[in-house]
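Data block for input.cif (mmCIF, C-alpha atoms):
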data_work
#
loop_
_atom_site.label_atom_id
_atom_site.label_comp_id
_atom_site.auth_asym_id
_atom_site.auth_seq_id
_atom_site.Cartn_x
_atom_site.Cartn_y
_atom_site.Cartn_z
CA MET F 1 17.49 -22.29 -19.12
CA THR F 2 15.90 -18.86 -19.50
CA GLU F 3 17.97 -18.08 -22.59
CA GLY F 4 17.03 -21.43 -24.16
CA PHE F 5 13.35 -20.80 -23.48
CA GLY F 6 13.66 -17.33 -25.01
CA LYS F 7 15.20 -18.79 -28.19
CA ILE F 8 12.39 -21.34 -28.47
CA VAL F 9 9.79 -18.57 -28.11
CA GLN F 10 11.61 -16.50 -30.74
CA LEU F 11 11.69 -19.43 -33.20
CA ILE F 12 7.99 -20.17 -32.68
CA PHE F 13 7.07 -16.50 -33.11
CA SER F 14 9.24 -16.23 -36.26
CA GLY F 15 7.54 -19.29 -37.75
CA LEU F 16 4.15 -17.83 -36.91
CA MET F 17 5.06 -14.53 -38.58
CA ILE F 18 6.27 -16.40 -41.70
CA LEU F 19 2.98 -18.30 -41.86
CA ILE F 20 0.92 -15.11 -41.40
CA GLY F 21 3.04 -13.28 -43.98
CA GLY F 22 2.56 -16.08 -46.53
CA MET F 23 -1.20 -16.04 -46.00
CA ILE F 24 -1.28 -12.26 -46.46
CA GLY F 25 0.81 -12.63 -49.64
CA ALA F 26 -1.64 -15.14 -51.10
CA GLN F 27 -4.56 -12.79 -50.35
CA VAL F 28 -2.73 -9.82 -51.89
CA ALA F 29 -2.07 -11.82 -55.08
CA GLN F 30 -5.76 -12.68 -55.33
CA LEU F 31 -6.63 -9.00 -55.02
CA PHE F 32 -4.31 -8.06 -57.89
CA PHE F 33 -5.61 -10.68 -60.35
CA PRO F 34 -8.72 -8.68 -61.42
CA ILE F 35 -6.66 -5.53 -61.85
CA ILE F 36 -4.02 -6.95 -64.17
CA PRO F 37 -5.24 -7.16 -67.80
CA ALA F 38 -5.51 -10.64 -69.33
CA GLU F 39 -3.30 -9.53 -72.27
CA TRP F 40 -0.35 -9.27 -69.88
CA PHE F 41 -0.65 -12.91 -68.85
CA ALA F 42 -0.95 -13.89 -72.52
CA ALA F 43 2.23 -11.94 -73.30
CA TRP F 44 4.05 -13.58 -70.36
CA LYS F 45 3.42 -17.08 -71.76
CA GLU F 46 6.19 -16.54 -74.30
CA TRP F 47 8.71 -16.09 -71.46
CA LEU F 48 7.30 -18.60 -68.93
CA PRO F 49 7.35 -22.42 -69.02
CA LEU F 50 4.12 -23.98 -70.15
CA TRP F 51 3.71 -25.85 -66.86
CA MET F 52 3.70 -22.64 -64.77
CA PRO F 53 0.91 -20.15 -65.56
CA GLY F 54 1.46 -16.49 -64.80
CA LYS F 55 -1.08 -16.36 -61.96
CA ILE F 56 0.61 -19.23 -60.12
CA LEU F 57 4.03 -17.61 -60.49
CA MET F 58 2.65 -14.28 -59.23
CA THR F 59 1.06 -16.03 -56.24
CA ILE F 60 4.32 -17.80 -55.35
CA PHE F 61 6.26 -14.54 -55.64
CA SER F 62 3.77 -12.69 -53.41
CA VAL F 63 3.75 -15.48 -50.78
CA VAL F 64 7.57 -15.61 -50.64
CA LEU F 65 7.85 -11.81 -50.50
CA PHE F 66 5.39 -11.36 -47.63
CA ALA F 67 6.73 -14.41 -45.75
CA PHE F 68 10.21 -12.85 -45.92
CA MET F 69 8.78 -9.55 -44.66
CA GLY F 70 7.14 -11.43 -41.76
CA LEU F 71 10.48 -13.05 -40.90
CA MET F 72 12.29 -9.70 -40.95
CA THR F 73 9.69 -7.93 -38.81
CA SER F 74 9.27 -10.73 -36.23
CA PRO F 75 12.06 -9.42 -33.89
CA LEU F 76 10.46 -5.96 -33.96
CA PHE F 77 7.00 -7.32 -33.14
CA LEU F 78 8.50 -9.50 -30.38
CA ARG F 79 10.18 -6.48 -28.78
CA VAL F 80 6.97 -4.47 -29.04
CA LEU F 81 5.00 -7.27 -27.34
CA GLY F 82 7.65 -7.51 -24.60
CA SER F 83 7.50 -3.77 -23.99
CA MET F 84 3.70 -3.85 -23.86
CA GLY F 85 3.82 -6.74 -21.39
CA SER F 86 6.31 -4.92 -19.13
CA PHE F 87 4.23 -1.73 -19.32
CA ILE F 88 1.02 -3.53 -18.39
CA GLU F 89 2.75 -5.49 -15.60
CA SER F 90 4.26 -2.36 -14.05
CA HIS F 91 0.88 -0.59 -14.03
CA LEU F 92 -0.93 -3.59 -12.57
CA LYS F 93 1.42 -3.93 -9.58
CA ASN F 94 -0.36 -1.21 -7.63
CA THR F 95 -3.84 -2.06 -8.92
CA SER F 96 -6.18 -3.99 -6.66
CA TRP F 97 -8.13 -7.02 -7.84
CA SER F 98 -11.39 -5.14 -7.36
CA GLU F 99 -10.26 -2.47 -9.85
CA ILE F 100 -9.11 -5.11 -12.37
CA THR F 101 -12.39 -7.01 -12.03
CA SER F 102 -14.49 -3.86 -12.41
CA ALA F 103 -12.56 -2.73 -15.49
CA THR F 104 -12.81 -6.20 -17.09
CA VAL F 105 -16.56 -6.45 -16.49
CA GLY F 106 -17.05 -2.93 -17.88
CA MET F 107 -15.02 -3.79 -20.99
CA ILE F 108 -17.05 -6.96 -21.60
CA ILE F 109 -20.32 -5.03 -21.23
CA GLY F 110 -19.04 -2.38 -23.64
CA LEU F 111 -18.06 -5.02 -26.23
CA LEU F 112 -21.49 -6.66 -26.02
CA ILE F 113 -23.28 -3.33 -26.53
CA ALA F 114 -20.91 -2.41 -29.40
CA ASN F 115 -21.60 -5.64 -31.31
CA LEU F 116 -25.35 -5.26 -30.81
CA LEU F 117 -25.23 -1.72 -32.17
CA ALA F 118 -23.02 -2.73 -35.12
CA LEU F 119 -25.25 -5.65 -36.15
CA PRO F 120 -27.76 -3.56 -38.25
CA PHE F 121 -24.85 -2.01 -40.21
CA SER F 122 -23.09 -5.29 -41.03
CA ASP F 123 -24.37 -5.40 -44.64
CA LEU F 124 -23.27 -1.84 -45.45
CA PRO F 125 -19.86 -1.16 -47.08
CA PHE F 126 -18.57 0.64 -44.00
CA GLY F 127 -20.17 -1.79 -41.53
CA SER F 128 -16.94 -3.57 -40.56
CA TYR F 129 -15.15 -0.27 -39.91
CA MET F 130 -18.02 0.97 -37.77
CA ALA F 131 -17.93 -2.28 -35.77
CA VAL F 132 -14.23 -1.81 -35.04
CA VAL F 133 -14.73 1.79 -33.94
CA LEU F 134 -17.72 0.90 -31.74
CA ASN F 135 -15.83 -1.98 -30.11
CA VAL F 136 -12.83 0.18 -29.25
CA VAL F 137 -14.83 3.19 -28.02
CA LEU F 138 -17.47 1.33 -25.99
CA ALA F 139 -14.97 -1.12 -24.49
CA TYR F 140 -12.89 1.82 -23.24
CA LEU F 141 -15.94 3.71 -21.96
CA GLY F 142 -17.31 0.61 -20.22
CA ALA F 143 -14.03 -0.08 -18.43
CA ARG F 144 -13.60 3.59 -17.51
CA ILE F 145 -17.15 4.10 -16.20
CA LEU F 146 -17.30 0.90 -14.17
CA LEU F 147 -13.84 1.56 -12.73
CA LYS F 148 -14.92 4.99 -11.53
CA ARG F 149 -18.23 3.70 -10.15
CA GLN F 150 -17.02 0.39 -8.74
CA SER F 151 -18.46 1.25 -5.32
CA ASP F 152 -21.91 1.61 -6.90
CA PHE F 153 -21.31 -1.61 -8.83
CA ARG F 154 -20.88 -3.48 -5.54
CA ASN F 155 -24.23 -2.13 -4.36
CA VAL F 156 -25.96 -3.82 -7.31
CA PHE F 157 -25.49 -7.14 -5.51
CA GLY F 158 -26.90 -5.72 -2.28
CA PRO F 159 -30.44 -7.11 -2.85
CA ILE F 160 -28.97 -10.53 -3.62
CA ARG F 161 -27.00 -10.54 -0.37
CA THR F 162 -30.08 -9.37 1.52
CA LEU F 163 -32.16 -12.20 0.03
CA LYS F 164 -29.45 -14.69 0.95
CA GLU F 165 -29.42 -13.44 4.54
CA ARG F 166 -33.19 -13.73 4.78
CA LEU F 167 -33.12 -17.27 3.47
CA SER F 168 -30.45 -18.21 6.01
CA MET F 169 -32.57 -16.74 8.80
CA ILE F 170 -35.51 -18.97 7.79
CA LYS F 171 -33.48 -22.09 8.49
CA GLU F 172 -33.81 -23.56 11.95
CA GLN F 173 -30.06 -23.76 12.55
CA PRO F 174 -27.75 -20.99 11.40
CA HIS F 175 -25.17 -22.02 8.87
CA HIS F 176 -21.63 -22.10 10.25
CA ASP F 177 -18.49 -21.91 8.20
CA ASP F 178 -15.39 -23.98 8.79
CA ASP F 179 -13.99 -21.38 11.17
CA GLY F 180 -17.03 -21.65 13.46
CA PHE F 181 -18.62 -18.29 12.60
CA SER F 182 -22.12 -17.94 11.23
CA ALA F 183 -22.81 -15.69 8.24
CA GLU F 184 -23.84 -12.87 10.60
CA GLU F 185 -20.85 -13.46 12.91
CA GLN F 186 -18.08 -13.28 10.34
CA PRO F 187 -15.27 -11.01 11.59
CA TRP F 188 -14.61 -7.79 9.68
CA GLU F 189 -11.54 -7.56 7.50
CA VAL F 190 -8.86 -5.37 9.08
CA PRO F 191 -7.82 -2.51 6.73
CA LYS F 192 -4.20 -2.44 5.63
CA LYS F 193 -2.02 0.16 7.35
CA ILE F 194 0.65 2.16 5.53
CA LEU F 195 3.66 3.47 7.44
CA ASP F 196 5.12 6.84 6.47
CA THR F 197 8.67 8.05 7.03
CA SER F 198 7.94 10.13 10.14
CA VAL F 199 6.32 7.31 12.11
CA ILE F 200 9.20 4.95 11.29
CA ILE F 201 11.87 7.45 12.36
CA ASP F 202 9.85 8.27 15.50
CA GLY F 203 10.25 4.65 16.59
CA ARG F 204 7.29 4.45 18.95
CA ILE F 205 5.39 2.35 16.40
CA LEU F 206 7.79 -0.49 17.24
CA ASP F 207 6.69 -0.43 20.90
CA VAL F 208 3.04 -0.34 19.84
CA ALA F 209 3.58 -3.35 17.56
CA ARG F 210 5.33 -5.31 20.29
CA THR F 211 2.36 -4.90 22.61
CA GLY F 212 0.07 -6.54 20.01
CA PHE F 213 -2.23 -3.55 19.50
CA LEU F 214 -1.20 -3.26 15.83
CA GLU F 215 -3.07 -5.87 13.78
CA GLY F 216 -3.59 -6.66 10.12
CA ILE F 217 -1.18 -6.20 7.22
CA VAL F 218 1.31 -3.34 7.59
CA LEU F 219 2.64 -1.90 4.31
CA ILE F 220 5.92 -0.03 3.83
CA PRO F 221 6.09 1.53 0.33
CA GLN F 222 9.36 1.40 -1.58
CA PHE F 223 9.46 5.19 -1.92
CA VAL F 224 9.36 5.50 1.89
CA LEU F 225 12.41 3.22 2.14
CA HIS F 226 14.16 5.36 -0.48
CA GLU F 227 13.44 8.47 1.60
CA LEU F 228 14.76 6.72 4.71
CA GLN F 229 17.93 5.78 2.86
CA ALA F 230 18.37 9.36 1.64
CA VAL F 231 18.05 10.62 5.22
CA ALA F 232 20.50 7.96 6.43
CA ASP F 233 23.03 9.06 3.76
CA SER F 234 22.70 12.75 4.67
CA THR F 235 25.78 14.80 5.50
CA ASP F 236 24.00 16.24 8.53
CA PRO F 237 24.90 14.01 11.55
CA ALA F 238 21.49 14.49 13.19
CA ARG F 239 19.58 13.56 10.04
CA ARG F 240 21.92 10.64 9.38
CA THR F 241 21.29 9.28 12.89
CA ARG F 242 17.52 9.60 12.48
CA GLY F 243 17.61 7.85 9.10
CA ARG F 244 19.66 4.94 10.42
CA ARG F 245 17.34 4.60 13.39
CA GLY F 246 14.40 4.44 10.96
CA LEU F 247 16.06 1.62 8.98
CA ASP F 248 16.71 -0.23 12.26
CA VAL F 249 13.03 0.14 13.16
CA VAL F 250 12.03 -1.41 9.80
CA ASN F 251 14.34 -4.37 10.46
CA GLU F 252 12.92 -4.86 13.97
CA LEU F 253 9.34 -4.70 12.65
CA GLN F 254 10.13 -7.41 10.09
CA ARG F 255 11.44 -9.67 12.86
CA LEU F 256 8.18 -9.54 14.82
CA SER F 257 6.45 -12.88 14.34
CA ASP F 258 2.98 -11.54 15.20
CA LEU F 259 3.12 -8.76 12.60
CA GLN F 260 2.79 -9.15 8.83
CA ILE F 261 5.03 -6.61 7.08
CA GLU F 262 4.87 -6.20 3.29
CA ILE F 263 7.13 -4.00 1.15
CA VAL F 264 5.06 -2.42 -1.61
CA ASP F 265 6.98 -2.02 -4.88
CA ALA F 266 5.63 1.43 -5.73
CA SER F 267 7.29 4.62 -6.87
CA LEU F 268 6.21 8.25 -7.17
CA LYS F 269 6.16 7.89 -10.95
CA HIS F 270 3.82 4.90 -10.91
CA LEU F 271 1.46 6.66 -8.51
CA LYS F 272 1.70 9.92 -10.51
CA ALA F 273 2.63 11.86 -7.36
CA ASP F 274 5.16 14.63 -6.90
CA SER F 275 5.88 14.05 -3.19
CA VAL F 276 5.99 11.23 -0.67
CA ASP F 277 2.96 12.58 1.21
CA SER F 278 0.77 12.75 -1.90
CA ALA F 279 1.97 9.27 -2.96
CA LEU F 280 0.93 7.87 0.43
CA VAL F 281 -2.53 9.37 0.02
CA VAL F 282 -2.88 7.98 -3.53
CA LEU F 283 -1.74 4.51 -2.42
CA ALA F 284 -4.11 4.51 0.57
CA GLU F 285 -6.99 5.54 -1.71
CA LYS F 286 -6.18 2.77 -4.20
CA ILE F 287 -6.08 -0.08 -1.67
CA GLY F 288 -8.60 1.34 0.82
CA GLY F 289 -5.95 1.43 3.56
CA GLN F 290 -5.09 3.64 6.52
CA ILE F 291 -2.00 5.80 7.05
CA LEU F 292 0.09 5.56 10.22
CA THR F 293 1.97 8.81 10.79
CA THR F 294 3.15 11.48 13.20
CA ASP F 295 3.23 14.17 10.50
CA TYR F 296 0.63 16.87 11.20
CA ASN F 297 0.56 18.12 7.58
CA LEU F 298 0.12 14.59 6.16
CA ASN F 299 -2.65 14.06 8.70
CA LYS F 300 -4.58 17.07 7.38
CA LEU F 301 -3.89 16.24 3.70
CA ALA F 302 -5.19 12.68 4.13
CA GLN F 303 -8.28 13.85 5.99
CA ILE F 304 -9.11 16.24 3.13
CA GLN F 305 -8.95 13.29 0.72
CA GLY F 306 -11.17 11.19 3.00
CA ILE F 307 -8.36 8.82 4.08
CA ARG F 308 -8.40 7.40 7.60
CA VAL F 309 -5.28 8.43 9.54
CA LEU F 310 -3.89 6.80 12.68
CA ASN F 311 -1.71 9.42 14.39
CA VAL F 312 0.72 8.04 16.95
CA ASN F 313 0.76 11.43 18.67
CA ASP F 314 -2.98 11.14 19.25
CA LEU F 315 -2.44 7.68 20.73
CA ALA F 316 0.36 8.95 22.98
CA ASN F 317 -1.72 11.92 24.09
CA ALA F 318 -4.62 9.64 24.94
CA LEU F 319 -2.38 7.49 27.14
CA LYS F 320 -0.55 10.32 28.91
CA PRO F 321 -1.53 11.05 32.50
CA MET F 322 -3.45 14.29 32.55
CA LEU F 323 -2.21 17.31 34.49
CA LEU F 324 -5.06 19.21 36.04
CA PRO F 325 -5.03 23.00 36.51
CA GLY F 326 -3.84 23.85 40.00
CA GLU F 327 -1.39 20.94 40.29
CA THR F 328 2.25 21.74 40.92
CA ILE F 329 5.29 20.21 39.24
CA ILE F 330 9.03 20.81 39.33
CA ILE F 331 10.79 21.41 36.01
CA ASP F 332 14.03 22.89 34.63
CA ILE F 333 13.63 25.99 32.45
CA ILE F 334 16.13 25.62 29.62
CA ARG F 335 15.34 28.35 27.07
CA GLU F 336 13.23 31.36 26.16
CA GLY F 337 9.72 31.04 24.80
CA LYS F 338 8.24 32.57 21.65
CA GLU F 339 6.36 35.25 23.56
CA PRO F 340 8.11 37.90 25.69
CA HIS F 341 9.16 36.90 29.23
CA GLN F 342 8.26 33.24 28.65
CA GLY F 343 10.46 30.33 29.64
CA VAL F 344 10.29 26.81 28.28
CA GLY F 345 10.96 23.51 29.99
CA TYR F 346 10.11 19.88 29.24
CA LEU F 347 8.47 17.11 31.22
CA ASP F 348 10.04 13.67 31.46
CA ASP F 349 7.92 12.40 28.56
CA GLY F 350 8.99 15.27 26.29
CA THR F 351 5.90 17.45 26.71
CA MET F 352 6.67 21.16 26.31
CA PHE F 353 5.94 23.27 29.40
CA VAL F 354 5.59 27.02 28.83
CA VAL F 355 6.17 29.09 31.97
CA GLU F 356 4.90 32.65 32.33
CA ASP F 357 7.55 35.16 33.46
CA GLY F 358 10.10 32.33 33.32
CA GLU F 359 12.69 34.14 31.22
CA ASN F 360 14.68 35.20 34.30
CA TYR F 361 14.81 31.59 35.55
CA ILE F 362 16.52 30.04 32.50
CA GLY F 363 18.97 27.38 33.67
CA LYS F 364 17.22 27.04 37.04
CA ARG F 365 14.87 24.50 38.60
CA VAL F 366 11.51 25.88 39.66
CA GLU F 367 8.19 24.71 41.03
CA VAL F 368 5.34 25.77 38.75
CA VAL F 369 1.57 25.65 38.98
CA VAL F 370 -0.35 24.28 35.98
CA THR F 371 -2.77 26.85 34.56
CA SER F 372 -3.94 25.31 31.27
CA MET F 373 -3.13 22.72 28.59
CA LEU F 374 -3.30 22.62 24.80
CA GLN F 375 -3.57 19.18 23.15
CA THR F 376 -3.37 18.78 19.36
CA SER F 377 -2.35 16.13 16.84
CA ALA F 378 1.08 17.75 16.72
CA GLY F 379 1.57 17.13 20.44
CA ARG F 380 0.64 18.58 23.83
CA MET F 381 1.69 21.85 25.50
CA VAL F 382 1.24 22.71 29.18
CA PHE F 383 1.14 26.29 30.49
CA GLY F 384 1.89 27.39 34.04
CA ARG F 385 3.32 30.09 36.28
CA ILE F 386 6.16 30.06 38.75
CA ARG F 387 5.39 29.31 42.36
CA ARG F 388 8.92 29.30 43.76
CA GLU F 389 12.53 28.53 42.85
CA VAL F 390 13.84 25.19 44.00
CA ARG F 391 17.28 25.49 45.64
CA ALA F 392 19.79 22.72 45.10
CA SER F 393 20.24 20.73 48.26
#
The structure in this file should be written as structure tokens.
Amino acid sequence: MTEGFGKIVQLIFSGLMILIGGMIGAQVAQLFFPIIPAEWFAAWKEWLPLWMPGKILMTIFSVVLFAFMGLMTSPLFLRVLGSMGSFIESHLKNTSWSEITSATVGMIIGLLIANLLALPFSDLPFGSYMAVVLNVVLAYLGARILLKRQSDFRNVFGPIRTLKERLSMIKEQPHHDDDGFSAEEQPWEVPKKILDTSVIIDGRILDVARTGFLEGIVLIPQFVLHELQAVADSTDPARRTRGRRGLDVVNELQRLSDLQIEIVDASLKHLKADSVDSALVVLAEKIGGQILTTDYNLNKLAQIQGIRVLNVNDLANALKPMLLPGETIIIDIIREGKEPHQGVGYLDDGTMFVVEDGENYIGKRVEVVVTSMLQTSAGRMVFGRIRREVRAS
């Protein structure tokens, strides 16, 4: 059915090109009549039938010639239009409706100004050319300026909204919508949240989603799935396991009935980004969304660009029971620390515990006293000193 529809479109377009070509041919013939000397037509009468003057024959020849040219060039024009449509469609996939609306309004304003400016020059010989140039330039500038200043454009309607609110307050009974909320009680729209590769591989986001604390639309860009697949296809067994776990987390998130997961068809090329982190920032800026991550570097990069970041490590740190200085805890020292004579162990929740003078107790269980803690977006570290060695019973 698609092929049949395509053939019908091709036939209609070919007929349209033939008609346009014939009209152009007739106009071209009319342009050449004043140029050709009248003596030539008089000379042609000896070779032409009496019932067909030279001008009519020239017009027919020009119409047939340009109609044939239109027929021959119709497949080329059809391919060009198809390519332009695909190009525009691919660039509009990651463009929000607010951006499209702002650009369209700016283009219309630019066209109106261009035609007003070109009106005084309409009677001049170059007036039509100036009108074309003004329309193209001002339409582009209008779309570009309003797209860049769309936030200011929204503020133009601020006084109108304020007047509407004041009028609603004058009424005795507040107006309620179908959902039962008044104009002042309408709930805020929840920003869309974008998952990055690190938070998917981490897996804790699945537990957060199951508890119902994650609301709104959750987006997973296509380039993040590609990165997950590359990690899952790695030759390194550890990376391959992490990648497959990330893909399993995506499948489990899609099965949650209370969560709305959307796969965004976006690539690094479309977002004009050279890395996954920069593409996430660009996408979040375009849609006004938030980034869910455990990556410390992405956290800082997004904050520099003014993007709101939800760090799962910050959430986990906020929910961890705090260890106060002076408390004692029993841990196993498993390796050396970065500084001399330090030993490192881990709590049950994975928190790193750095023990002073613990190098000689590697492989042993000790009781330590908490001295201080360091909590960052990258995680939490606890520092302490040895109180005594715990003997195996």
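Residues matching the PyMOL selection byres ((chain F and resi 344) around 8) in this structure come to Ile333, Ile334, Arg335, Glu336, Gly337, Gln342, Gly343, Gly345, Tyr346, Met352, Phe353, Val354, Val355 and Gly358 of chain F.
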Selection above as a file: C-alpha atoms, as a PDB file, keeping the file's coordinate frame:
ATOM      1  CA  ILE F 333      13.630  25.990  32.450  1.00  0.00           C
ATOM      2  CA  ILE F 334      16.130  25.620  29.620  1.00  0.00           C
ATOM      3  CA  ARG F 335      15.340  28.350  27.070  1.00  0.00           C
ATOM      4  CA  GLU F 336      13.230  31.360  26.160  1.00  0.00           C
ATOM      5  CA  GLY F 337       9.720  31.040  24.800  1.00  0.00           C
ATOM      6  CA  GLN F 342       8.260  33.240  28.650  1.00  0.00           C
ATOM      7  CA  GLY F 343      10.460  30.330  29.640  1.00  0.00           C
ATOM      8  CA  GLY F 345      10.960  23.510  29.990  1.00  0.00           C
ATOM      9  CA  TYR F 346      10.110  19.880  29.240  1.00  0.00           C
ATOM     10  CA  MET F 352       6.670  21.160  26.310  1.00  0.00           C
ATOM     11  CA  PHE F 353       5.940  23.270  29.400  1.00  0.00           C
ATOM     12  CA  VAL F 354       5.590  27.020  28.830  1.00  0.00           C
ATOM     13  CA  VAL F 355       6.170  29.090  31.970  1.00  0.00           C
ATOM     14  CA  GLY F 358      10.100  32.330  33.320  1.00  0.00           C
TER      15      GLY F 358
END
Phe68 (chain F) surroundings by only C-alpha atoms, 12 Å radius, close-in-sequence under 4 positions cut, as a ChimeraX atom specification = /F:14-25,61-64,72-74
Result set of the PyMOL selection byres ((chain F and resi 260) around 9) on the coordinates above, as a ChimeraX atom specification = /F:215-219,253-254,256-259,261-262
On this file, the PyMOL selection byres ((chain F and resi 76-80) around 12) gives some set of residues; write that set as a PDB file with C-alpha atoms, in the frame of the given file.
ATOM      1  CA  GLY F   6      13.660 -17.330 -25.010  1.00  0.00           C
ATOM      2  CA  LYS F   7      15.200 -18.790 -28.190  1.00  0.00           C
ATOM      3  CA  VAL F   9       9.790 -18.570 -28.110  1.00  0.00           C
ATOM      4  CA  GLN F  10      11.610 -16.500 -30.740  1.00  0.00           C
ATOM      5  CA  LEU F  11      11.690 -19.430 -33.200  1.00  0.00           C
ATOM      6  CA  ILE F  12       7.990 -20.170 -32.680  1.00  0.00           C
ATOM      7  CA  PHE F  13       7.070 -16.500 -33.110  1.00  0.00           C
ATOM      8  CA  SER F  14       9.240 -16.230 -36.260  1.00  0.00           C
ATOM      9  CA  LEU F  16       4.150 -17.830 -36.910  1.00  0.00           C
ATOM     10  CA  MET F  17       5.060 -14.530 -38.580  1.00  0.00           C
ATOM     11  CA  MET F  69       8.780  -9.550 -44.660  1.00  0.00           C
ATOM     12  CA  GLY F  70       7.140 -11.430 -41.760  1.00  0.00           C
ATOM     13  CA  LEU F  71      10.480 -13.050 -40.900  1.00  0.00           C
ATOM     14  CA  MET F  72      12.290  -9.700 -40.950  1.00  0.00           C
ATOM     15  CA  THR F  73       9.690  -7.930 -38.810  1.00  0.00           C
ATOM     16  CA  SER F  74       9.270 -10.730 -36.230  1.00  0.00           C
ATOM     17  CA  PRO F  75      12.060  -9.420 -33.890  1.00  0.00           C
ATOM     18  CA  LEU F  81       5.000  -7.270 -27.340  1.00  0.00           C
ATOM     19  CA  GLY F  82       7.650  -7.510 -24.600  1.00  0.00           C
ATOM     20  CA  SER F  83       7.500  -3.770 -23.990  1.00  0.00           C
ATOM     21  CA  MET F  84       3.700  -3.850 -23.860  1.00  0.00           C
ATOM     22  CA  GLY F  85       3.820  -6.740 -21.390  1.00  0.00           C
ATOM     23  CA  SER F  86       6.310  -4.920 -19.130  1.00  0.00           C
ATOM     24  CA  PHE F  87       4.230  -1.730 -19.320  1.00  0.00           C
TER      25      PHE F  87
END
9 Å contact set for Leu301 (chain F), all atoms listed in the file, chain neighbours under 5 positions out, as a list in words | Asp277, Ser278, Val281, Tyr296, Gly306 and Ile307 of chain F
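From CA of Leu347 (chain F) back to CA of Asp248 (chain F), the distance works out to 27.0 Å.
Nearest residue to Gly350 (chain F) among F:Ser267, F:Ser372, F:Asn317, F:Thr328 is F:Asn317, counting only C-alpha atoms.
Note that the spacing between CA of Pro325 (chain F) and CA of Glu389 (chain F) amounts to 19.5 Å.
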Using only C-alpha atoms, pick whichever of F:Asp207, F:Asp123, F:Asp196, F:Glu359 has the shortest atom-to-atom distance to Ala316 (chain F).
-> F:Asp207
Point out the residue among F:Ala318, F:Ala302, F:Ile60, F:Leu116 with the least atom-to-atom distance to Glu285 (chain F), counting only C-alpha atoms.
-> F:Ala302
Contacts of region 129-145 of chain F at 10 Å or less, counting all atoms listed in the file, minus same-chain residues fewer than 6 places along, as a ChimeraX atom specification?
-> /F:99-119,121-122
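Interatomic distance, CA of Leu195 (chain F) against CA of Thr293 (chain F): 6.5 Å.
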Give me the residues within 12 Å of Thr241 (chain F) as a count of residues only, counting only C-alpha atoms and dropping any in the same chain fewer than 3 places off.
-> 18
Could you check which of F:Val312, F:Gly127, F:Arg380, F:Asp265 is closest to Ala209 (chain F), using only C-alpha atoms?
-> F:Val312
